[in-house]
file data.txt (compact mmCIF, C-alpha atoms (C1' of nucleotides))
# COMPACT_ATOMS: atom_id res chain seq x y z
CA MET A 117 95.94 39.19 134.28
CA VAL A 118 95.01 39.17 130.62
CA SER A 119 91.40 40.15 130.24
CA LYS A 120 89.14 38.73 127.58
CA LYS A 121 89.40 41.90 125.51
CA GLN A 122 93.16 41.85 125.80
CA GLN A 123 93.33 38.26 124.68
CA GLU A 124 91.15 39.20 121.74
CA ILE A 125 93.52 42.02 120.85
CA LEU A 126 96.52 39.76 121.23
CA ASN A 127 94.99 37.16 118.97
CA PHE A 128 94.15 39.71 116.32
CA ILE A 129 97.65 41.14 116.35
CA ASN A 130 99.19 37.70 116.02
CA LYS A 131 96.82 36.72 113.25
CA ASN A 132 97.38 39.98 111.41
CA ILE A 133 101.14 39.70 111.57
CA GLU A 134 101.03 36.11 110.45
CA ILE A 135 98.68 36.65 107.53
CA LYS A 136 99.60 40.12 106.31
CA GLY A 137 103.19 40.25 107.45
CA TYR A 138 102.87 43.47 109.41
CA SER A 139 101.18 44.57 112.58
CA PRO A 140 97.80 46.31 112.60
CA THR A 141 97.26 49.95 113.53
CA VAL A 142 95.45 51.06 116.62
CA ARG A 143 92.40 51.85 114.54
CA GLU A 144 92.43 48.51 112.81
CA ILE A 145 92.44 46.86 116.21
CA CYS A 146 89.56 49.11 117.20
CA LYS A 147 87.39 47.84 114.43
CA GLU A 148 88.28 44.23 114.87
CA VAL A 149 87.60 43.98 118.57
CA ASN A 150 84.60 46.33 118.50
CA LEU A 151 85.98 49.20 120.46
CA LYS A 152 84.91 52.70 119.52
CA SER A 153 87.84 54.60 120.85
CA THR A 154 91.48 54.40 119.88
CA SER A 155 92.46 55.35 123.35
CA THR A 156 90.80 52.27 124.74
CA VAL A 157 92.99 50.21 122.49
CA GLN A 158 96.02 52.21 123.61
CA TYR A 159 95.01 51.46 127.14
CA HIS A 160 94.94 47.71 126.52
CA LEU A 161 98.08 47.86 124.44
CA ASN A 162 99.95 49.42 127.32
CA LYS A 163 98.70 46.72 129.64
CA LEU A 164 99.84 44.03 127.26
CA ILE A 165 103.22 45.69 126.91
CA ASN A 166 103.63 45.86 130.66
CA LEU A 167 102.65 42.23 130.93
CA GLY A 168 105.41 41.41 128.47
CA PHE A 169 103.21 40.13 125.71
CA LEU A 170 103.84 42.92 123.28
CA GLN A 171 106.52 45.35 122.34
CA LYS A 172 106.42 48.49 120.26
CA SER A 173 108.38 51.53 119.23
CA ASN A 174 107.06 54.98 120.09
CA ASN A 175 105.46 57.02 117.36
CA ILE A 176 106.18 54.40 114.78
CA SER A 177 103.29 53.00 112.84
CA ARG A 178 102.68 49.29 112.74
CA SER A 179 105.55 48.61 115.08
CA ILE A 180 103.74 46.31 117.46
CA GLN A 181 105.54 43.04 117.92
CA SER A 182 104.23 39.97 119.60
CA LEU A 183 106.65 38.40 122.01
CA ASN A 184 104.67 35.39 123.04
CA MET A 185 104.19 34.29 119.46
CA LYS A 186 106.48 31.40 118.90
CA SER A 187 108.44 31.09 115.70
CA LYS A 188 106.01 30.10 113.02
CA TYR A 189 107.19 26.58 112.70
CA SER A 190 108.89 25.92 115.97
CA ILE A 191 108.52 22.54 117.59
CA PRO A 192 108.24 21.87 121.30
CA ILE A 193 111.20 19.96 122.66
CA LEU A 194 110.18 17.45 125.26
CA GLY A 195 112.62 16.05 127.77
CA GLU A 196 112.27 13.12 130.06
CA ILE A 197 108.76 11.81 130.34
CA SER A 198 107.70 11.72 133.96
CA ALA A 199 105.44 8.98 135.17
CA GLY A 200 101.84 9.38 134.26
CA GLN A 201 102.31 12.70 132.55
CA PRO A 202 100.95 12.88 129.06
CA LEU A 203 103.70 13.32 126.55
CA ILE A 204 102.78 16.86 125.73
CA ALA A 205 102.46 17.99 129.32
CA GLU A 206 104.03 21.30 130.21
CA GLU A 207 106.21 19.53 132.72
CA ASN A 208 108.16 17.82 129.99
CA TYR A 209 108.68 20.91 127.92
CA ILE A 210 112.30 21.96 127.78
CA GLY A 211 112.38 24.32 124.84
CA GLU A 212 111.55 25.03 121.26
CA LEU A 213 113.28 23.78 118.18
CA PRO A 214 112.83 26.14 115.27
CA TYR A 215 111.80 24.21 112.25
CA PHE A 216 111.40 25.05 108.63
CA GLY A 217 109.32 22.72 106.65
CA LYS A 218 105.77 22.31 105.65
CA GLU A 219 103.26 23.78 107.99
CA ARG A 220 102.44 20.82 110.07
CA ASN A 221 103.42 22.22 113.37
CA ASN A 222 100.97 20.34 115.50
CA GLU A 223 102.13 16.98 114.43
CA LEU A 224 105.77 17.54 115.20
CA ILE A 225 107.65 17.29 118.45
CA ALA A 226 111.31 16.99 119.25
CA LEU A 227 112.85 14.62 121.74
CA LYS A 228 116.30 14.61 123.20
CA ILE A 229 118.14 11.34 122.77
CA ASN A 230 119.17 9.88 126.09
CA GLY A 231 121.94 7.30 126.09
CA ASP A 232 123.73 5.45 123.36
CA SER A 233 121.31 2.70 122.42
CA MET A 234 121.04 4.05 118.86
CA ILE A 235 124.63 5.02 118.39
CA GLU A 236 125.20 2.76 115.40
CA ALA A 237 122.37 4.50 113.60
CA GLY A 238 124.12 7.78 114.19
CA LEU A 239 121.83 8.96 116.97
CA PHE A 240 124.07 10.18 119.74
CA ASP A 241 123.43 11.16 123.31
CA ASP A 242 121.88 14.64 123.49
CA ASP A 243 120.94 14.72 119.82
CA LEU A 244 117.50 16.09 119.08
CA VAL A 245 115.21 14.02 116.91
CA VAL A 246 112.12 15.44 115.26
CA ILE A 247 109.13 13.16 115.44
CA ASP A 248 106.12 13.27 113.20
CA LYS A 249 103.23 12.08 115.31
CA SER A 250 101.06 11.66 112.26
CA ILE A 251 103.26 8.92 110.82
CA MET A 252 103.17 5.51 112.43
CA PRO A 253 106.64 3.99 112.19
CA THR A 254 106.68 0.81 110.13
CA ASP A 255 109.23 -1.96 109.72
CA GLY A 256 112.70 -0.57 109.22
CA ASP A 257 111.80 2.91 110.43
CA ILE A 258 113.24 4.62 113.42
CA GLY A 259 110.40 5.63 115.68
CA ALA A 260 109.68 7.07 119.09
CA PHE A 261 107.81 4.84 121.49
CA LEU A 262 106.26 5.15 124.87
CA ILE A 263 106.88 2.36 127.35
CA ASN A 264 104.36 1.91 130.17
CA ASN A 265 103.18 5.44 129.52
CA THR A 266 106.15 6.67 131.43
CA GLU A 267 109.27 6.45 129.38
CA ALA A 268 109.95 7.57 125.85
CA THR A 269 112.49 5.76 123.74
CA VAL A 270 113.77 5.95 120.21
CA LYS A 271 114.41 2.67 118.42
CA TYR A 272 114.20 0.83 115.15
CA ILE A 273 111.02 -1.15 114.73
CA ASP A 274 110.93 -4.39 112.77
CA THR A 275 109.27 -7.76 112.50
CA ILE A 276 111.28 -10.86 113.44
CA GLU A 277 109.58 -14.20 113.03
CA LYS A 278 106.19 -12.55 112.88
CA LYS A 279 106.76 -10.60 116.07
CA LYS A 280 107.29 -6.86 116.34
CA TYR A 281 110.41 -5.69 118.11
CA LEU A 282 111.96 -2.42 119.13
CA ILE A 283 115.55 -2.81 118.06
CA PRO A 284 118.41 -0.71 119.37
CA ALA A 285 121.38 0.09 117.16
CA ASN A 286 123.94 -0.98 119.70
CA LYS A 287 125.08 -4.55 120.36
CA ASN A 288 125.11 -3.94 124.09
CA TYR A 289 121.35 -3.57 124.21
CA ASN A 290 118.62 -6.11 123.67
CA ASN A 291 115.60 -6.11 121.47
CA LEU A 292 112.34 -5.32 123.16
CA ILE A 293 109.21 -7.14 122.12
CA VAL A 294 106.28 -4.89 121.38
CA ASP A 295 103.37 -5.64 123.67
CA GLU A 296 100.47 -3.71 125.10
CA ASN A 297 102.82 -1.70 127.31
CA ILE A 298 104.40 -0.12 124.31
CA SER A 299 102.74 2.51 122.19
CA SER A 300 104.02 4.39 119.24
CA ILE A 301 104.53 8.13 119.38
CA GLY A 302 105.56 8.70 115.81
CA LYS A 303 108.24 8.39 113.23
CA VAL A 304 111.63 10.03 113.52
CA ILE A 305 112.02 12.25 110.49
CA SER A 306 115.09 14.28 111.18
CA LEU A 307 117.93 14.83 113.54
CA PHE A 308 119.73 17.84 114.88
CA ARG A 309 123.02 17.88 116.73
CA ASP A 310 124.81 20.81 118.30
CA MET A 311 128.51 20.31 118.80
CA MET B 28 118.06 44.10 86.28
CA VAL B 29 118.63 45.24 89.81
CA SER B 30 120.67 48.40 89.87
CA LYS B 31 123.17 49.19 92.56
CA LYS B 32 120.78 51.60 94.24
CA GLN B 33 118.02 49.05 94.12
CA GLN B 34 120.24 46.44 95.71
CA GLU B 35 121.09 48.95 98.39
CA ILE B 36 117.43 49.58 99.03
CA LEU B 37 116.70 45.87 99.08
CA ASN B 38 119.47 45.23 101.57
CA PHE B 39 118.29 48.01 103.84
CA ILE B 40 114.72 46.76 103.80
CA ASN B 41 115.84 43.25 104.63
CA LYS B 42 118.14 44.45 107.38
CA ASN B 43 115.46 46.70 108.83
CA ILE B 44 112.86 43.98 108.89
CA GLU B 45 115.33 41.58 110.41
CA ILE B 46 116.54 43.89 113.13
CA LYS B 47 113.49 45.95 113.98
CA GLY B 48 110.78 43.52 113.00
CA TYR B 49 108.96 45.87 110.65
CA SER B 50 109.64 47.42 107.30
CA PRO B 51 111.02 50.93 106.91
CA THR B 52 109.04 53.86 105.53
CA VAL B 53 109.80 55.51 102.23
CA ARG B 54 111.47 58.36 104.05
CA GLU B 55 113.59 56.07 106.17
CA ILE B 56 114.82 54.43 103.01
CA CYS B 57 115.53 57.88 101.59
CA LYS B 58 117.88 58.73 104.39
CA GLU B 59 119.62 55.39 104.45
CA VAL B 60 120.47 55.23 100.77
CA ASN B 61 121.13 58.96 100.42
CA LEU B 62 118.27 59.93 98.19
CA LYS B 63 116.69 63.33 98.65
CA SER B 64 113.31 62.61 97.21
CA THR B 65 110.71 60.20 98.43
CA SER B 66 109.49 59.81 94.90
CA THR B 67 112.85 58.45 93.81
CA VAL B 68 112.45 55.76 96.38
CA GLN B 69 108.92 55.11 95.17
CA TYR B 70 110.34 54.78 91.71
CA HIS B 71 112.83 52.12 92.79
CA LEU B 72 110.29 50.43 94.99
CA ASN B 73 107.99 49.99 92.02
CA LYS B 74 110.83 48.52 90.01
CA LEU B 75 111.64 46.09 92.75
CA ILE B 76 108.01 45.12 93.05
CA ASN B 77 107.77 44.50 89.33
CA LEU B 78 110.91 42.42 89.45
CA GLY B 79 109.28 40.32 92.13
CA PHE B 80 111.66 41.17 94.92
CA LEU B 81 109.21 43.13 96.99
CA GLN B 82 105.55 43.25 97.77
CA LYS B 83 103.47 45.90 99.46
CA SER B 84 99.95 47.00 100.20
CA ASN B 85 98.72 50.33 98.86
CA ASN B 86 98.43 53.24 101.25
CA ILE B 87 99.51 51.13 104.16
CA SER B 88 102.51 52.24 106.12
CA ARG B 89 105.43 49.90 106.63
CA SER B 90 103.81 47.23 104.53
CA ILE B 91 106.78 46.41 102.36
CA GLN B 92 107.62 42.75 102.40
CA SER B 93 110.71 41.15 101.02
CA LEU B 94 110.09 38.09 98.93
CA ASN B 95 113.61 37.14 98.06
CA MET B 96 114.71 37.41 101.65
CA LYS B 97 115.85 34.05 102.68
CA SER B 98 114.83 32.71 106.03
CA LYS B 99 116.26 34.90 108.72
CA TYR B 100 119.36 32.93 109.29
CA SER B 101 119.58 30.61 106.36
CA ILE B 102 122.91 29.20 105.37
CA PRO B 103 124.10 28.37 101.87
CA ILE B 104 124.55 24.68 101.31
CA LEU B 105 127.55 23.89 99.17
CA GLY B 106 127.91 20.64 97.35
CA GLU B 107 130.95 19.20 95.69
CA ILE B 108 133.78 21.60 95.25
CA SER B 109 134.85 21.74 91.64
CA ALA B 110 138.49 22.19 90.77
CA GLY B 111 139.73 25.69 91.14
CA GLN B 112 136.39 27.11 92.13
CA PRO B 113 136.43 29.10 95.32
CA LEU B 114 134.41 27.42 98.01
CA ILE B 115 131.66 29.99 97.97
CA ALA B 116 131.27 30.01 94.21
CA GLU B 117 127.76 29.96 92.87
CA GLU B 118 128.56 26.76 91.04
CA ASN B 119 128.79 24.86 94.28
CA TYR B 120 125.59 26.19 95.71
CA ILE B 121 122.94 23.52 96.08
CA GLY B 122 120.46 25.10 98.45
CA GLU B 123 119.75 26.87 101.69
CA LEU B 124 119.63 25.43 105.16
CA PRO B 125 117.38 27.43 107.46
CA TYR B 126 119.19 28.09 110.68
CA PHE B 127 118.24 29.63 113.96
CA GLY B 128 121.05 30.73 116.10
CA LYS B 129 122.97 33.85 116.77
CA GLU B 130 123.10 36.25 113.87
CA ARG B 131 126.36 35.28 112.32
CA ASN B 132 125.08 34.43 108.94
CA ASN B 133 128.11 35.30 106.92
CA GLU B 134 130.40 33.00 108.78
CA LEU B 135 128.28 29.91 108.35
CA ILE B 136 128.01 27.48 105.49
CA ALA B 137 126.64 24.00 105.26
CA LEU B 138 128.30 21.06 103.55
CA LYS B 139 126.84 17.74 102.61
CA ILE B 140 128.74 14.79 103.98
CA ASN B 141 129.93 12.53 101.22
CA GLY B 142 130.84 8.97 102.16
CA ASP B 143 131.25 7.20 105.44
CA SER B 144 134.67 8.28 106.62
CA MET B 145 133.18 9.91 109.73
CA ILE B 146 130.55 7.34 110.45
CA GLU B 147 131.84 6.49 113.91
CA ALA B 148 131.46 10.12 114.89
CA GLY B 149 127.85 9.94 113.86
CA LEU B 150 128.28 11.82 110.60
CA PHE B 151 126.52 9.82 107.95
CA ASP B 152 126.45 10.02 104.19
CA ASP B 153 124.19 12.87 103.06
CA ASP B 154 124.09 14.52 106.45
CA LEU B 155 124.44 18.28 106.41
CA VAL B 156 127.05 19.81 108.67
CA VAL B 157 127.09 23.47 109.55
CA ILE B 158 130.53 25.02 109.47
CA ASP B 159 131.57 28.19 111.24
CA LYS B 160 134.26 29.69 109.06
CA SER B 161 135.28 32.05 111.82
CA ILE B 162 136.41 29.24 114.09
CA MET B 163 139.64 27.44 113.26
CA PRO B 164 139.24 23.82 114.28
CA THR B 165 141.73 22.82 116.97
CA ASP B 166 142.85 19.46 118.28
CA GLY B 167 139.92 17.19 118.94
CA ASP B 168 137.51 19.24 116.90
CA ILE B 169 135.70 18.11 113.82
CA GLY B 170 136.49 20.52 111.04
CA ALA B 171 136.02 21.04 107.34
CA PHE B 172 139.17 21.14 105.26
CA LEU B 173 140.08 21.89 101.72
CA ILE B 174 142.54 19.58 100.00
CA ASN B 175 144.52 20.94 97.06
CA ASN B 176 141.93 23.68 96.77
CA THR B 177 139.69 21.24 95.02
CA GLU B 178 138.10 18.87 97.45
CA ALA B 179 136.35 19.55 100.71
CA THR B 180 136.41 16.99 103.48
CA VAL B 181 135.17 16.75 107.03
CA LYS B 182 137.48 15.12 109.57
CA TYR B 183 138.76 15.20 113.11
CA ILE B 184 141.95 17.16 113.51
CA ASP B 185 144.56 16.24 116.09
CA THR B 186 148.26 16.22 116.87
CA ILE B 187 150.10 12.90 116.92
CA GLU B 188 153.77 12.97 117.82
CA LYS B 189 153.95 16.67 117.15
CA LYS B 190 152.40 16.38 113.72
CA LYS B 191 148.92 17.53 112.70
CA TYR B 192 146.62 14.95 111.14
CA LEU B 193 143.18 14.83 109.67
CA ILE B 194 141.64 11.78 111.25
CA PRO B 195 138.61 9.95 109.92
CA ALA B 196 136.21 8.25 112.27
CA ASN B 197 136.26 4.96 110.40
CA LYS B 198 138.87 2.24 110.71
CA ASN B 199 138.83 1.65 106.97
CA TYR B 200 140.32 5.06 106.28
CA ASN B 201 143.76 6.40 106.96
CA ASN B 202 144.94 9.52 108.69
CA LEU B 203 146.05 12.33 106.45
CA ILE B 204 148.99 14.46 107.44
CA VAL B 205 148.34 18.17 107.28
CA ASP B 206 150.69 19.86 104.85
CA GLU B 207 150.57 22.93 102.66
CA ASN B 208 148.01 21.30 100.38
CA ILE B 209 145.46 21.29 103.14
CA SER B 210 143.73 24.37 104.41
CA SER B 211 141.08 24.73 107.06
CA ILE B 212 137.60 25.92 106.13
CA GLY B 213 136.14 26.08 109.61
CA LYS B 214 134.80 24.16 112.54
CA VAL B 215 131.78 21.88 112.35
CA ILE B 216 129.29 23.20 114.86
CA SER B 217 126.16 21.29 114.14
CA LEU B 218 124.58 18.59 112.11
CA PHE B 219 121.28 18.07 110.39
CA ARG B 220 119.91 14.85 109.03
CA ASP B 221 116.73 14.26 107.12
CA MET B 222 115.43 10.72 107.23
C1' DC C 71 123.92 64.19 67.83
C1' DT C 72 119.28 63.29 68.86
C1' DT C 73 116.05 60.36 71.18
C1' DT C 74 114.82 57.35 74.73
C1' DT C 75 115.32 55.40 78.99
C1' DT C 76 116.73 55.63 83.64
C1' DA C 77 117.44 58.12 87.75
C1' DT C 78 116.85 62.01 90.66
C1' DC C 79 114.76 66.07 92.99
C1' DG C 80 111.29 69.16 95.09
C1' DA C 81 107.07 70.26 96.53
C1' DA C 82 102.43 69.61 97.67
C1' DC C 83 98.55 66.85 99.28
C1' DA C 84 95.57 63.66 101.52
C1' DT C 85 95.42 60.20 104.61
C1' DT C 86 96.96 57.38 108.04
C1' DT C 87 98.43 56.93 112.42
C1' DG C 88 100.15 57.43 117.28
C1' DT C 89 99.17 60.03 121.21
C1' DA C 90 97.06 62.97 124.76
C1' DC C 91 93.26 64.77 127.43
C1' DT C 92 88.87 64.66 129.50
C1' DA C 93 84.71 62.52 130.80
C1' DT C 94 81.98 58.43 132.13
C1' DA C 95 80.54 53.94 132.97
C1' DA C 96 81.31 49.49 135.06
C1' DT C 97 83.44 46.74 138.22
C1' DT C 98 85.87 45.66 142.36
C1' DA C 99 87.75 46.55 146.92
C1' DA C 100 87.44 48.51 151.43
C1' DT D 71 78.16 52.80 150.68
C1' DT D 72 82.16 54.88 149.32
C1' DA D 73 86.51 54.81 147.20
C1' DA D 74 89.51 52.90 143.96
C1' DT D 75 90.38 50.50 139.94
C1' DT D 76 89.35 49.07 135.38
C1' DA D 77 87.30 49.75 130.97
C1' DT D 78 85.35 52.61 127.46
C1' DA D 79 84.22 56.69 124.55
C1' DG D 80 84.94 61.01 122.19
C1' DT D 81 87.62 64.47 120.41
C1' DA D 82 91.44 66.79 118.89
C1' DC D 83 96.17 67.32 117.33
C1' DA D 84 100.66 66.75 115.57
C1' DA D 85 103.47 63.84 113.25
C1' DA D 86 104.27 60.19 110.16
C1' DT D 87 103.50 58.41 105.77
C1' DG D 88 102.14 57.00 100.95
C1' DT D 89 101.27 59.12 96.72
C1' DT D 90 101.23 62.20 92.76
C1' DC D 91 102.93 65.64 89.47
C1' DG D 92 106.20 68.26 87.06
C1' DA D 93 110.89 69.30 86.10
C1' DT D 94 115.71 67.88 85.22
C1' DA D 95 119.76 65.47 84.99
C1' DA D 96 122.44 61.41 83.57
C1' DA D 97 123.13 57.49 80.91
C1' DA D 98 122.20 54.54 77.12
C1' DA D 99 120.57 53.66 72.56
C1' DG D 100 119.75 54.88 67.92

call {"tool": "encode", "arguments": {"input": "data.txt", "output": "structure tokens"}}
result
Amino acid sequence: MVSKKQQEILNFINKNIEIKGYSPTVREICKEVNLKSTSTVQYHLNKLINLGFLQKSNNISRSIQSLNMKSKYSIPILGEISAGQPLIAEENYIGELPYFGKERNNELIALKINGDSMIEAGLFDDDLVVIDKSIMPTDGDIGAFLINNTEATVKYIDTIEKKKYLIPANKNYNNLIVDENISSIGKVISLFRDM
Amino acid sequence: MVSKKQQEILNFINKNIEIKGYSPTVREICKEVNLKSTSTVQYHLNKLINLGFLQKSNNISRSIQSLNMKSKYSIPILGEISAGQPLIAEENYIGELPYFGKERNNELIALKINGDSMIEAGLFDDDLVVIDKSIMPTDGDIGAFLINNTEATVKYIDTIEKKKYLIPANKNYNNLIVDENISSIGKVISLFRDM
DNA sequence: CTTTTTATCGAACATTTGTACTATAATTAA
DNA sequence: TTAATTATAGTACAAATGTTCGATAAAAAG
């Protein structure tokens, strides 16, 4: 599929667009990936276009566009967590949530709210919550937690009589004591709802 | 400041980058804004660069970058509506909400929820709602409405015994009958909350 | 009514840039 | 081994493109 050289070219194009704001020329690619001939680059470019990684307009300078490059600050949206799968596994990936904020892409994921256990906190079924994995939720925060490494849930966390609990915002649900089966994913920092 | 021609050029550059993914050439700008000479465009380009609207690299094709260009699909956030001011007046503008969706920028605005009258619908104080001005809210929808041309409010709209009402989602508030003092701004299509 | 500033044009020039063609290695498949 | 595919180089060309210079109009300022 994508050869080493092609990956190198792809990376350079992405980097160039990101840093400079425009795509490189064939000759600039030449230099960067140590190819002597522009036509060799053309050759690889065509391959990459056919493979669907790139796009360009004919006879127009610096018109290469990278299709695989995700939006600069998009966040992976993860759905249900299947048993045993790590949270970031491809299997759980259901989309991308574009996000504008500080550049801390790697620490952010989005989860889809399932059910109404947090309805009184304004988190409705099918809402998307953005989770910052670099922030451990502390008392009073809403956080995302992993139960038995299989199920993700969003709840308040708080201390009651010196014990930590996951606390739903819905009278019909019970508090869940935090034990070794429960690990924290991160803090919920924002919410997005499509109506 | 920015002359009419310069604004035209700026708009074209922004549009071109948005649609095609790369900046136009001097000659492309020429054609679009009906200037015969490339050097006239250069002249305006330099002005725009000095004013801080644009940026470009020397001797590099299609390297113009727009600095003022808001995020691709950002939406103006409007705060309180002051008496008599039209809804889109500068005075009400409190920021920009980046938005990724279909390209229907002009029809979208964002309003900050004030108070808890819609709390049972999951719209909390300080939440931002995105409003599509091109969609008239119909029965069952949540919409944004303008009361006496002075105050904006977000409510359910519905028909009760053949009369239209604005209906809060909070038992402590009363329904408001829709009369000639109330006009519709648009339908609430999404919600964003920062925690 | 001058003078200055702003805006426009035209033409020419030097690169920059995309593309095409041919020839050869290097690698892989048959 | 032979044929086919993949990767690379070199060269050449035409078009695209940024830039500069001089001349003029148009508008604004004095």

call {"tool": "residues_near_point", "arguments": {"input": "data.txt", "point": "(90.3, 45.0, 135.9)", "cutoff": "8 Å", "atoms": "only C-alpha atoms (C1' of nucleotides)", "output": "PDB file with C-alpha atoms (C1' of nucleotides), keeping the file's coordinate frame"}}
result
ATOM      1  CA  SER A 119      91.400  40.150 130.240  1.00  0.00           C
TER       2      SER A 119
ATOM      3  C1'  DT C  97      83.440  46.740 138.220  1.00  0.00           C
ATOM      4  C1'  DT C  98      85.870  45.660 142.360  1.00  0.00           C
TER       5       DT C  98
ATOM      6  C1'  DT D  75      90.380  50.500 139.940  1.00  0.00           C
ATOM      7  C1'  DT D  76      89.350  49.070 135.380  1.00  0.00           C
ATOM      8  C1'  DA D  77      87.300  49.750 130.970  1.00  0.00           C
TER       9       DA D  77
END

call {"tool": "atom_distance", "arguments": {"input": "data.txt", "atom1": "atom CA of A:Asn127", "atom2": "atom CA of A:Phe169"}}
result
11.0 Å

call {"tool": "interface_residues", "arguments": {"input": "data.txt", "of": "chain D", "to": "chain A", "cutoff": "8 Å", "atoms": "only C-alpha atoms (C1' of nucleotides)", "output": "JSON, numbers by chain"}}
result
{"D": [77, 78, 79, 80, 86]}

call {"tool": "write_last_selection", "arguments": {"input": "data.txt", "atoms": "C-alpha atoms (C1' of nucleotides)", "output": "compact mmCIF listing (two decimals), in the coordinates of the input"}}
result
# COMPACT_ATOMS: atom_id res chain seq x y z
C1' DA D 77 87.30 49.75 130.97
C1' DT D 78 85.35 52.61 127.46
C1' DA D 79 84.22 56.69 124.55
C1' DG D 80 84.94 61.01 122.19
C1' DA D 86 104.27 60.19 110.16

call {"tool": "atom_distance", "arguments": {"input": "data.txt", "atom1": "atom CA of B:Ile209", "atom2": "atom CA of B:Ile187"}}
result
16.8 Å

call {"tool": "residues_around", "arguments": {"input": "data.txt", "residues": "A:Ser182", "least_positions_apart": "6", "cutoff": "7 Å", "atoms": "only C-alpha atoms (C1' of nucleotides)", "output": "list in words"}}
result
Asn130, Phe169, Leu170 and Gln171 of chain A

call {"tool": "write_last_selection", "arguments": {"input": "data.txt", "atoms": "C-alpha atoms", "output": "compact mmCIF listing (two decimals), in the coordinates of the input"}}
result
# COMPACT_ATOMS: atom_id res chain seq x y z
CA ASN A 130 99.19 37.70 116.02
CA PHE A 169 103.21 40.13 125.71
CA LEU A 170 103.84 42.92 123.28
CA GLN A 171 106.52 45.35 122.34

call {"tool": "interface_residues", "arguments": {"input": "data.txt", "of": "chain A", "to": "chain B", "cutoff": "8 Å", "atoms": "only C-alpha atoms", "output": "ChimeraX atom specification"}}
result
/A:137-138,177-179,181,214,216,235-240,304-311

call {"tool": "write_last_selection", "arguments": {"input": "data.txt", "atoms": "C-alpha atoms", "output": "CSV table (one decimal), in the coordinates of the input"}}
result
chain,number,residue,atom,x,y,z
A,137,GLY,CA,103.2,40.2,107.4
A,138,TYR,CA,102.9,43.5,109.4
A,177,SER,CA,103.3,53.0,112.8
A,178,ARG,CA,102.7,49.3,112.7
A,179,SER,CA,105.6,48.6,115.1
A,181,GLN,CA,105.5,43.0,117.9
A,214,PRO,CA,112.8,26.1,115.3
A,216,PHE,CA,111.4,25.0,108.6
A,235,ILE,CA,124.6,5.0,118.4
A,236,GLU,CA,125.2,2.8,115.4
A,237,ALA,CA,122.4,4.5,113.6
A,238,GLY,CA,124.1,7.8,114.2
A,239,LEU,CA,121.8,9.0,117.0
A,240,PHE,CA,124.1,10.2,119.7
A,304,VAL,CA,111.6,10.0,113.5
A,305,ILE,CA,112.0,12.2,110.5
A,306,SER,CA,115.1,14.3,111.2
A,307,LEU,CA,117.9,14.8,113.5
A,308,PHE,CA,119.7,17.8,114.9
A,309,ARG,CA,123.0,17.9,116.7
A,310,ASP,CA,124.8,20.8,118.3
A,311,MET,CA,128.5,20.3,118.8

call {"tool": "atom_distance", "arguments": {"input": "data.txt", "atom1": "atom CA of B:Asn77", "atom2": "atom CA of A:Glu144"}}
result
28.3 Å

call {"tool": "closest_residue", "arguments": {"input": "data.txt", "among": "A:Arg143, A:Phe128, A:Gly231, A:Leu292", "to": "chain C", "atoms": "all atoms listed in the file"}}
result
A:Arg143

call {"tool": "interface_residues", "arguments": {"input": "data.txt", "of": "chain C", "to": "chain A", "cutoff": "8 Å", "atoms": "all atoms listed in the file", "output": "list in words"}}
result
DT87, DG88 and DT89 of chain C

call {"tool": "residues_near_point", "arguments": {"input": "data.txt", "point": "(117.8, 60.4, 89.0)", "cutoff": "9 Å", "atoms": "only C-alpha atoms (C1' of nucleotides)", "output": "MDAnalysis selection string"}}
result
(chainID B and resid 67) or (chainID C and resid 76:79) or (chainID D and resid 94:96)

call {"tool": "residues_around", "arguments": {"input": "data.txt", "residues": "B:Asn199", "least_positions_apart": "4", "cutoff": "10 Å", "atoms": "only C-alpha atoms (C1' of nucleotides)", "output": "JSON, numbers by chain"}}
result
{"B": [143, 144, 195]}
